[in-house]
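Quick notes on the structure that follows.
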Amino acid sequence: MQDSELIKKACEARQRAYVPYSHFGVGAALETADGHVFLGCNIENASYTPTICAERTAIFKAVSEGYRQFRRIAIVGGAMEKDALDYCPPCGVCRQVMAEFCDPKTFQVLLARSPQDYRVYTLEELLPLNFGPEDLEA
C-alpha cells in the first residue's frame with residue numbers, strides 16, 4: 001500500500017472521532033506486517049481520563065484480532081470545524097504502547113497534513129531510550 005493510501009484511511013478514521021469537548025479529531029491507520037489495516041479515532045469522555053487516542057484504538061483493535069506485528073501507522077489530526085490538518089505526533093502513552101508491539105528501528109510513524117504532505121519517522125526517533133519488554137528480562 002502506498003503511503004498516500006494509508007494516510008487517506010487515517011483521514012477517513014478521523015471523521016469518526018467522538019470529540020464533543022476538545023473538537024480536535026485524530027485518525028490513525030495501522031498497517032500490520034502482512035498488510036492488513038486497522039483504523040482508529042480518538043474517543044473522548046466527559047470525565048477525560050477514560051478518553052482514548054486514535055493510535056491506541058487502532059493498535060488495540062488489531063491486537064484484539066490476533067495481530068502482533070506492525071509495519072507502520074499514519075496519523076492525522078486537527079480541529080474538526082476546519083479542513084486543514086497539522087502534523088499530529090502521538091502522545092507519550094501511545095508511543096509507549098507502540099514500543100510494546102513494534103520494532104523501534106523499523107516501525108514507521110507517518111505524520112500527515114494531507115496524503116501529499118507528510119513526514120516519516122521511526123519509532124526510535126520519536127521515543128529514544130524506550131522501556132520495552134526486553135527491559136523486564138532477568
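Identifiers in this document derive from the order of the C-alpha cells: chains are assigned A, B, ..., residues are numbered from 1 separately in each chain, and ligands are numbered from 1 in order of occurrence.
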
Using only C-alpha atoms, determine which residues lie at most 9 Å from Val76 in chain A, disregarding the query and same-chain residues fewer than 3 positions distant; provide the list as an MDAnalysis selection string.
chainID A and resid 7 10:11 14 25:28 85:89 110:114

Could you write out the selected residues, including all heavy atoms, as a compact mmCIF listing (two decimals), in the first residue's frame?
```
# COMPACT_ATOMS: atom_id res chain seq x y z
N ILE A 7 -2.59 7.17 4.47
CA ILE A 7 -2.97 8.48 5.03
C ILE A 7 -4.44 8.77 4.75
O ILE A 7 -5.16 9.29 5.63
CB ILE A 7 -2.05 9.58 4.47
CG1 ILE A 7 -0.63 9.38 5.01
CG2 ILE A 7 -2.58 10.97 4.82
CD1 ILE A 7 0.44 10.17 4.28
N ALA A 10 -6.43 7.05 7.30
CA ALA A 10 -6.38 7.76 8.57
C ALA A 10 -7.35 8.95 8.55
O ALA A 10 -8.02 9.23 9.55
CB ALA A 10 -4.96 8.22 8.87
N CYS A 11 -7.44 9.62 7.42
CA CYS A 11 -8.38 10.74 7.28
C CYS A 11 -9.83 10.26 7.42
O CYS A 11 -10.66 10.92 8.05
CB CYS A 11 -8.18 11.45 5.95
SG CYS A 11 -6.65 12.40 5.82
N ARG A 14 -10.55 9.63 11.04
CA ARG A 14 -10.71 10.89 11.78
C ARG A 14 -12.15 11.38 11.75
O ARG A 14 -12.65 11.98 12.71
CB ARG A 14 -9.77 11.95 11.21
CG ARG A 14 -9.85 13.28 11.91
CD ARG A 14 -8.85 14.27 11.32
NE ARG A 14 -9.13 15.60 11.81
CZ ARG A 14 -9.93 16.47 11.18
NH1 ARG A 14 -10.50 16.14 10.03
NH2 ARG A 14 -10.16 17.66 11.70
N GLY A 25 -10.14 16.26 16.29
CA GLY A 25 -10.24 14.88 15.85
C GLY A 25 -8.92 14.33 15.36
O GLY A 25 -8.17 15.01 14.66
N VAL A 26 -8.67 13.09 15.72
CA VAL A 26 -7.46 12.40 15.28
C VAL A 26 -7.87 11.07 14.67
O VAL A 26 -8.76 10.38 15.18
CB VAL A 26 -6.48 12.16 16.45
CG1 VAL A 26 -5.23 11.44 15.99
CG2 VAL A 26 -6.12 13.48 17.12
N GLY A 27 -7.21 10.73 13.57
CA GLY A 27 -7.44 9.44 12.91
C GLY A 27 -6.12 8.73 12.73
O GLY A 27 -5.08 9.37 12.52
N ALA A 28 -6.16 7.41 12.81
CA ALA A 28 -4.95 6.61 12.63
C ALA A 28 -5.29 5.39 11.78
O ALA A 28 -6.39 4.84 11.86
CB ALA A 28 -4.41 6.15 13.98
N LEU A 85 -5.39 20.21 8.27
CA LEU A 85 -4.80 19.34 9.27
C LEU A 85 -3.40 19.84 9.57
O LEU A 85 -2.81 20.58 8.79
CB LEU A 85 -4.71 17.90 8.73
CG LEU A 85 -6.03 17.24 8.36
CD1 LEU A 85 -5.77 15.90 7.70
CD2 LEU A 85 -6.92 17.08 9.59
N ASP A 86 -2.87 19.43 10.72
CA ASP A 86 -1.50 19.76 11.06
C ASP A 86 -0.81 18.46 11.48
O ASP A 86 -1.48 17.46 11.77
CB ASP A 86 -1.42 20.79 12.18
CG ASP A 86 -0.10 21.54 12.18
OD1 ASP A 86 0.79 21.20 11.36
OD2 ASP A 86 0.06 22.46 13.00
N TYR A 87 0.51 18.47 11.51
CA TYR A 87 1.22 17.29 11.96
C TYR A 87 0.80 17.01 13.40
O TYR A 87 0.78 17.91 14.24
CB TYR A 87 2.74 17.49 11.89
CG TYR A 87 3.23 17.76 10.48
CD1 TYR A 87 3.89 18.93 10.17
CD2 TYR A 87 3.01 16.84 9.46
CE1 TYR A 87 4.34 19.18 8.89
CE2 TYR A 87 3.45 17.08 8.17
CZ TYR A 87 4.11 18.25 7.89
OH TYR A 87 4.55 18.49 6.62
N CYS A 88 0.44 15.79 13.69
CA CYS A 88 -0.12 15.42 14.98
C CYS A 88 0.65 14.24 15.54
O CYS A 88 0.26 13.08 15.36
CB CYS A 88 -1.60 15.09 14.80
SG CYS A 88 -2.48 14.79 16.34
N PRO A 89 1.76 14.50 16.23
CA PRO A 89 2.56 13.39 16.77
C PRO A 89 1.83 12.67 17.90
O PRO A 89 1.03 13.26 18.62
CB PRO A 89 3.83 14.08 17.28
CG PRO A 89 3.44 15.51 17.49
CD PRO A 89 2.33 15.81 16.53
N LEU A 110 3.91 7.89 10.26
CA LEU A 110 3.67 8.91 9.25
C LEU A 110 2.78 9.98 9.85
O LEU A 110 1.64 9.68 10.25
CB LEU A 110 2.99 8.32 8.02
CG LEU A 110 3.80 7.43 7.10
CD1 LEU A 110 4.19 6.12 7.74
CD2 LEU A 110 3.02 7.16 5.83
N LEU A 111 3.28 11.19 9.94
CA LEU A 111 2.50 12.32 10.43
C LEU A 111 2.12 13.15 9.21
O LEU A 111 3.00 13.63 8.48
CB LEU A 111 3.32 13.15 11.41
CG LEU A 111 3.93 12.40 12.60
CD1 LEU A 111 4.70 13.35 13.50
CD2 LEU A 111 2.86 11.66 13.38
N ALA A 112 0.81 13.33 8.98
CA ALA A 112 0.37 13.91 7.72
C ALA A 112 -0.54 15.12 7.88
O ALA A 112 -1.39 15.15 8.76
CB ALA A 112 -0.33 12.85 6.89
N ARG A 113 -0.34 16.06 6.99
CA ARG A 113 -1.28 17.17 6.79
C ARG A 113 -2.25 16.83 5.67
O ARG A 113 -3.35 17.35 5.62
CB ARG A 113 -0.53 18.45 6.44
CG ARG A 113 0.26 19.02 7.58
CD ARG A 113 0.93 20.30 7.13
NE ARG A 113 1.58 20.96 8.25
CZ ARG A 113 2.51 21.89 8.10
NH1 ARG A 113 2.90 22.26 6.89
NH2 ARG A 113 3.06 22.44 9.16
N SER A 114 -1.77 15.98 4.75
CA SER A 114 -2.56 15.52 3.61
C SER A 114 -1.85 14.29 3.05
O SER A 114 -0.72 13.99 3.44
CB SER A 114 -2.67 16.60 2.54
OG SER A 114 -1.44 16.73 1.84
```

Residues at most 10 Å from Asn45 in chain A, counting only C-alpha atoms, excluding those fewer than 3 positions away in the same chain, as a PyMOL selection string?
chain A and resi 18-21+48-52

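When only C-alpha atoms are used to compute distances to Phe101 in chain A, the closest of the residues A:Ile75, A:Ala46, A:Leu30, A:Met80 turns out to be A:Leu30.
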
Select, from A:Ser47, A:Gln116, A:Ser4, A:Gln69, the residue with the minimum atom-to-atom distance to Ala33 in chain A, counting only C-alpha atoms.
A:Gln69

If you run DSSP over the backbone, which residues in range 6-137 of chain A end up helix (DSSP H, G or I)? Put them as a short mmCIF file (atom, residue, chain, number, x, y, z; two decimals) with all heavy atoms, in the first residue's frame.
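Output saved as result-v3.cif:
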```cif
data_model
loop_
_atom_site.label_atom_id
_atom_site.label_comp_id
_atom_site.auth_asym_id
_atom_site.auth_seq_id
_atom_site.Cartn_x
_atom_site.Cartn_y
_atom_site.Cartn_z
N LEU A 6 -2.57 4.96 2.84
CA LEU A 6 -2.68 4.76 4.28
C LEU A 6 -3.12 6.06 4.95
O LEU A 6 -3.94 6.05 5.87
CB LEU A 6 -1.35 4.26 4.85
CG LEU A 6 -1.39 3.71 6.27
CD1 LEU A 6 -2.23 2.43 6.33
CD2 LEU A 6 0.01 3.44 6.77
N ILE A 7 -2.59 7.17 4.47
CA ILE A 7 -2.97 8.48 5.03
C ILE A 7 -4.44 8.77 4.75
O ILE A 7 -5.16 9.29 5.63
CB ILE A 7 -2.05 9.58 4.47
CG1 ILE A 7 -0.63 9.38 5.01
CG2 ILE A 7 -2.58 10.97 4.82
CD1 ILE A 7 0.44 10.17 4.28
N LYS A 8 -4.93 8.44 3.57
CA LYS A 8 -6.35 8.63 3.26
C LYS A 8 -7.23 7.83 4.22
O LYS A 8 -8.27 8.30 4.67
CB LYS A 8 -6.65 8.23 1.82
CG LYS A 8 -6.15 9.22 0.80
CD LYS A 8 -6.42 8.74 -0.62
CE LYS A 8 -5.79 9.67 -1.63
NZ LYS A 8 -5.94 9.17 -3.02
N LYS A 9 -6.79 6.62 4.56
CA LYS A 9 -7.54 5.80 5.51
C LYS A 9 -7.55 6.45 6.90
O LYS A 9 -8.56 6.42 7.59
CB LYS A 9 -6.99 4.39 5.55
CG LYS A 9 -7.28 3.58 4.29
CD LYS A 9 -6.86 2.15 4.45
CE LYS A 9 -7.23 1.34 3.22
NZ LYS A 9 -8.67 1.21 3.02
N ALA A 10 -6.43 7.05 7.30
CA ALA A 10 -6.38 7.76 8.57
C ALA A 10 -7.35 8.95 8.55
O ALA A 10 -8.02 9.23 9.55
CB ALA A 10 -4.96 8.22 8.87
N CYS A 11 -7.44 9.62 7.42
CA CYS A 11 -8.38 10.74 7.28
C CYS A 11 -9.83 10.26 7.42
O CYS A 11 -10.66 10.92 8.05
CB CYS A 11 -8.18 11.45 5.95
SG CYS A 11 -6.65 12.40 5.82
N GLU A 12 -10.13 9.10 6.84
CA GLU A 12 -11.47 8.52 6.98
C GLU A 12 -11.76 8.21 8.44
O GLU A 12 -12.87 8.47 8.93
CB GLU A 12 -11.57 7.23 6.15
CG GLU A 12 -11.53 7.43 4.66
CD GLU A 12 -11.40 6.11 3.90
OE1 GLU A 12 -11.70 5.03 4.48
OE2 GLU A 12 -10.99 6.15 2.73
N ALA A 13 -10.79 7.64 9.13
CA ALA A 13 -10.98 7.30 10.54
C ALA A 13 -11.23 8.55 11.37
O ALA A 13 -12.05 8.53 12.30
CB ALA A 13 -9.76 6.54 11.07
N ARG A 14 -10.55 9.63 11.04
CA ARG A 14 -10.71 10.89 11.78
C ARG A 14 -12.15 11.38 11.75
O ARG A 14 -12.65 11.98 12.71
CB ARG A 14 -9.77 11.95 11.21
CG ARG A 14 -9.85 13.28 11.91
CD ARG A 14 -8.85 14.27 11.32
NE ARG A 14 -9.13 15.60 11.81
CZ ARG A 14 -9.93 16.47 11.18
NH1 ARG A 14 -10.50 16.14 10.03
NH2 ARG A 14 -10.16 17.66 11.70
N ALA A 54 -6.50 7.90 19.07
CA ALA A 54 -6.72 7.17 17.83
C ALA A 54 -5.69 6.05 17.64
O ALA A 54 -6.04 4.94 17.21
CB ALA A 54 -6.66 8.13 16.65
N GLU A 55 -4.44 6.33 17.98
CA GLU A 55 -3.38 5.36 17.78
C GLU A 55 -3.61 4.11 18.62
O GLU A 55 -3.48 2.98 18.14
CB GLU A 55 -2.02 5.96 18.13
CG GLU A 55 -1.67 7.19 17.32
CD GLU A 55 -2.12 8.52 17.94
OE1 GLU A 55 -3.15 8.55 18.64
OE2 GLU A 55 -1.43 9.52 17.71
N ARG A 56 -3.95 4.31 19.89
CA ARG A 56 -4.20 3.16 20.76
C ARG A 56 -5.46 2.42 20.35
O ARG A 56 -5.53 1.19 20.44
CB ARG A 56 -4.26 3.59 22.22
CG ARG A 56 -2.86 3.79 22.79
CD ARG A 56 -2.88 4.16 24.25
NE ARG A 56 -3.24 5.57 24.36
CZ ARG A 56 -4.00 6.09 25.32
NH1 ARG A 56 -4.49 5.32 26.27
NH2 ARG A 56 -4.27 7.37 25.34
N THR A 57 -6.47 3.14 19.87
CA THR A 57 -7.68 2.48 19.39
C THR A 57 -7.32 1.51 18.27
O THR A 57 -7.73 0.35 18.28
CB THR A 57 -8.72 3.51 18.89
OG1 THR A 57 -9.09 4.37 19.97
CG2 THR A 57 -9.96 2.83 18.34
N ALA A 58 -6.52 1.98 17.29
CA ALA A 58 -6.13 1.12 16.16
C ALA A 58 -5.29 -0.06 16.63
O ALA A 58 -5.52 -1.21 16.20
CB ALA A 58 -5.37 1.94 15.12
N ILE A 59 -4.32 0.19 17.50
CA ILE A 59 -3.45 -0.89 17.97
C ILE A 59 -4.25 -1.91 18.78
O ILE A 59 -4.11 -3.12 18.58
CB ILE A 59 -2.28 -0.33 18.80
CG1 ILE A 59 -1.34 0.47 17.88
CG2 ILE A 59 -1.52 -1.44 19.51
CD1 ILE A 59 -0.29 1.30 18.62
N PHE A 60 -5.11 -1.45 19.67
CA PHE A 60 -5.88 -2.38 20.49
C PHE A 60 -6.86 -3.19 19.65
O PHE A 60 -7.10 -4.37 19.92
CB PHE A 60 -6.60 -1.64 21.62
CG PHE A 60 -5.67 -1.03 22.65
CD1 PHE A 60 -6.14 -0.07 23.52
CD2 PHE A 60 -4.33 -1.40 22.74
CE1 PHE A 60 -5.30 0.50 24.49
CE2 PHE A 60 -3.48 -0.84 23.69
CZ PHE A 60 -3.97 0.11 24.56
N LYS A 61 -7.43 -2.57 18.62
CA LYS A 61 -8.31 -3.33 17.71
C LYS A 61 -7.52 -4.45 17.03
O LYS A 61 -7.99 -5.58 16.95
CB LYS A 61 -8.92 -2.40 16.66
CG LYS A 61 -10.04 -1.53 17.18
CD LYS A 61 -10.47 -0.47 16.20
CE LYS A 61 -11.07 -1.00 14.93
NZ LYS A 61 -11.58 0.10 14.05
N ALA A 62 -6.33 -4.11 16.55
CA ALA A 62 -5.50 -5.10 15.86
C ALA A 62 -5.10 -6.23 16.81
O ALA A 62 -5.21 -7.42 16.47
CB ALA A 62 -4.26 -4.44 15.26
N VAL A 63 -4.64 -5.86 18.00
CA VAL A 63 -4.21 -6.87 18.97
C VAL A 63 -5.39 -7.77 19.35
O VAL A 63 -5.25 -8.99 19.46
CB VAL A 63 -3.56 -6.21 20.20
CG1 VAL A 63 -3.33 -7.23 21.31
CG2 VAL A 63 -2.24 -5.54 19.80
N SER A 64 -6.57 -7.18 19.53
CA SER A 64 -7.74 -7.97 19.92
C SER A 64 -8.16 -8.94 18.82
O SER A 64 -8.87 -9.91 19.07
CB SER A 64 -8.90 -7.06 20.30
OG SER A 64 -9.47 -6.45 19.16
N GLY A 92 2.87 10.51 24.55
CA GLY A 92 3.83 9.61 25.17
C GLY A 92 3.26 8.24 25.48
O GLY A 92 3.94 7.22 25.31
N VAL A 93 2.01 8.18 25.91
CA VAL A 93 1.39 6.89 26.21
C VAL A 93 1.26 6.07 24.94
O VAL A 93 1.57 4.87 24.92
CB VAL A 93 0.01 7.08 26.89
CG1 VAL A 93 -0.71 5.75 27.05
CG2 VAL A 93 0.17 7.77 28.24
N CYS A 94 0.85 6.69 23.84
CA CYS A 94 0.73 5.97 22.57
C CYS A 94 2.10 5.49 22.08
O CYS A 94 2.23 4.37 21.58
CB CYS A 94 0.07 6.84 21.51
SG CYS A 94 -1.70 7.06 21.80
N ARG A 95 3.12 6.30 22.27
CA ARG A 95 4.47 5.89 21.87
C ARG A 95 4.91 4.67 22.67
O ARG A 95 5.52 3.76 22.14
CB ARG A 95 5.45 7.05 22.06
CG ARG A 95 5.18 8.22 21.15
CD ARG A 95 6.10 9.39 21.43
NE ARG A 95 5.54 10.61 20.86
CZ ARG A 95 6.25 11.64 20.47
NH1 ARG A 95 7.57 11.64 20.58
NH2 ARG A 95 5.67 12.71 19.97
N GLN A 96 4.58 4.66 23.95
CA GLN A 96 4.95 3.53 24.79
C GLN A 96 4.19 2.27 24.38
O GLN A 96 4.75 1.18 24.36
CB GLN A 96 4.70 3.85 26.26
CG GLN A 96 5.19 2.79 27.21
CD GLN A 96 6.69 2.54 27.11
OE1 GLN A 96 7.49 3.46 27.12
NE2 GLN A 96 7.08 1.28 27.00
N VAL A 97 2.92 2.40 24.02
CA VAL A 97 2.14 1.25 23.54
C VAL A 97 2.74 0.74 22.24
O VAL A 97 2.88 -0.47 22.04
CB VAL A 97 0.65 1.61 23.40
CG1 VAL A 97 -0.11 0.52 22.65
CG2 VAL A 97 0.02 1.84 24.76
N MET A 98 3.13 1.64 21.36
CA MET A 98 3.78 1.22 20.11
C MET A 98 5.05 0.42 20.42
O MET A 98 5.33 -0.60 19.79
CB MET A 98 4.13 2.43 19.25
CG MET A 98 2.95 3.11 18.63
SD MET A 98 3.48 4.59 17.73
CE MET A 98 1.92 5.44 17.55
N ALA A 99 5.80 0.87 21.41
CA ALA A 99 7.06 0.20 21.77
C ALA A 99 6.81 -1.22 22.28
O ALA A 99 7.69 -2.07 22.18
CB ALA A 99 7.81 1.01 22.83
N GLU A 100 5.63 -1.48 22.79
CA GLU A 100 5.30 -2.82 23.26
C GLU A 100 5.21 -3.82 22.10
O GLU A 100 5.53 -4.98 22.26
CB GLU A 100 3.96 -2.79 24.02
CG GLU A 100 3.53 -4.09 24.60
CD GLU A 100 4.35 -4.52 25.81
OE1 GLU A 100 5.01 -3.67 26.44
OE2 GLU A 100 4.32 -5.72 26.12
N PHE A 101 4.76 -3.34 20.95
CA PHE A 101 4.48 -4.24 19.83
C PHE A 101 5.35 -4.03 18.59
O PHE A 101 5.33 -4.86 17.69
CB PHE A 101 3.01 -4.09 19.41
CG PHE A 101 2.05 -4.51 20.48
CD1 PHE A 101 1.40 -3.56 21.26
CD2 PHE A 101 1.80 -5.85 20.72
CE1 PHE A 101 0.51 -3.95 22.25
CE2 PHE A 101 0.91 -6.24 21.71
CZ PHE A 101 0.27 -5.29 22.48
N LEU A 123 9.92 4.85 15.09
CA LEU A 123 9.51 4.93 16.49
C LEU A 123 10.71 5.30 17.35
O LEU A 123 10.58 6.06 18.32
CB LEU A 123 8.88 3.61 16.94
CG LEU A 123 8.43 3.55 18.39
CD1 LEU A 123 7.44 4.67 18.72
CD2 LEU A 123 7.82 2.19 18.69
N GLU A 124 11.88 4.80 17.00
CA GLU A 124 13.08 5.12 17.76
C GLU A 124 13.36 6.62 17.78
O GLU A 124 13.79 7.17 18.80
CB GLU A 124 14.28 4.37 17.18
CG GLU A 124 15.55 4.54 17.98
CD GLU A 124 16.67 3.67 17.44
OE1 GLU A 124 17.01 3.80 16.25
OE2 GLU A 124 17.17 2.84 18.23
N GLU A 125 13.08 7.30 16.68
CA GLU A 125 13.27 8.76 16.64
C GLU A 125 12.29 9.47 17.57
O GLU A 125 12.63 10.47 18.18
CB GLU A 125 13.09 9.28 15.22
CG GLU A 125 14.19 8.90 14.27
CD GLU A 125 13.90 9.34 12.86
OE1 GLU A 125 12.86 8.92 12.29
OE2 GLU A 125 14.72 10.10 12.31
N LEU A 126 11.07 8.93 17.66
CA LEU A 126 10.04 9.57 18.49
C LEU A 126 10.09 9.15 19.95
O LEU A 126 9.56 9.84 20.81
CB LEU A 126 8.65 9.24 17.93
CG LEU A 126 8.34 9.78 16.54
CD1 LEU A 126 6.94 9.36 16.12
CD2 LEU A 126 8.47 11.29 16.50
N PRO A 133 9.61 -4.62 26.60
CA PRO A 133 9.59 -5.95 27.21
C PRO A 133 10.98 -6.51 27.51
O PRO A 133 11.14 -7.20 28.52
CB PRO A 133 8.87 -6.81 26.16
CG PRO A 133 8.09 -5.85 25.34
CD PRO A 133 8.88 -4.56 25.35
N GLU A 134 11.94 -6.18 26.69
CA GLU A 134 13.30 -6.67 26.92
C GLU A 134 13.90 -6.13 28.21
O GLU A 134 14.79 -6.74 28.79
CB GLU A 134 14.21 -6.33 25.72
CG GLU A 134 14.44 -4.86 25.49
CD GLU A 134 13.30 -4.13 24.76
OE1 GLU A 134 12.33 -4.75 24.31
OE2 GLU A 134 13.40 -2.90 24.66
N ASP A 135 13.41 -5.01 28.71
CA ASP A 135 13.90 -4.43 29.95
C ASP A 135 13.46 -5.23 31.18
O ASP A 135 14.00 -5.05 32.26
CB ASP A 135 13.45 -2.97 30.08
CG ASP A 135 14.10 -2.09 29.05
OD1 ASP A 135 15.33 -2.09 28.92
OD2 ASP A 135 13.35 -1.40 28.32
N LEU A 136 12.49 -6.08 31.01
CA LEU A 136 11.98 -6.89 32.12
C LEU A 136 12.63 -8.27 32.19
O LEU A 136 12.35 -9.04 33.10
CB LEU A 136 10.46 -7.04 32.01
CG LEU A 136 9.67 -5.74 32.12
CD1 LEU A 136 8.20 -5.99 31.86
CD2 LEU A 136 9.89 -5.10 33.48
#
```

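For the pair CA of Arg119 in chain A and CA of Ile73 in chain A, the interatomic distance is 11.7 Å.
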
Please list as a VMD selection string every residue within 7 Å of Phe107 in chain A, counting only C-alpha atoms and excluding residues in the same chain fewer than 6 positions away.
chain A and resid 71 to 72 122 to 123

Please save C-alpha atoms of the selected residues as a compact mmCIF listing (two decimals), in the first residue's frame.
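Result file follows (result_11.txt):
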```
# COMPACT_ATOMS: atom_id res chain seq x y z
CA ARG A 71 4.85 -2.12 9.87
CA ARG A 72 3.66 1.49 10.20
CA THR A 122 10.88 5.72 13.06
CA LEU A 123 9.51 4.93 16.49
```

CA of Gly78 in chain A to CA of Glu5 in chain A, distance in Å rounded to a single decimal
19.0 Å

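Pairwise distance (CA of Cys41 in chain A, CA of Pro90 in chain A) equals 12.4 Å.
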
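Here the DSSP assignment of strand (DSSP E), based on backbone atoms, applies within range 33-117 of chain A to Val37, Phe38, Leu39, Gly40, Cys41, Phe70, Arg71, Arg72, Ile73, Ala74, Ile75, Val76, Gly77, Gly78, Ala79, Gln108, Val109, Leu110, Leu111 and Ala112 of chain A.
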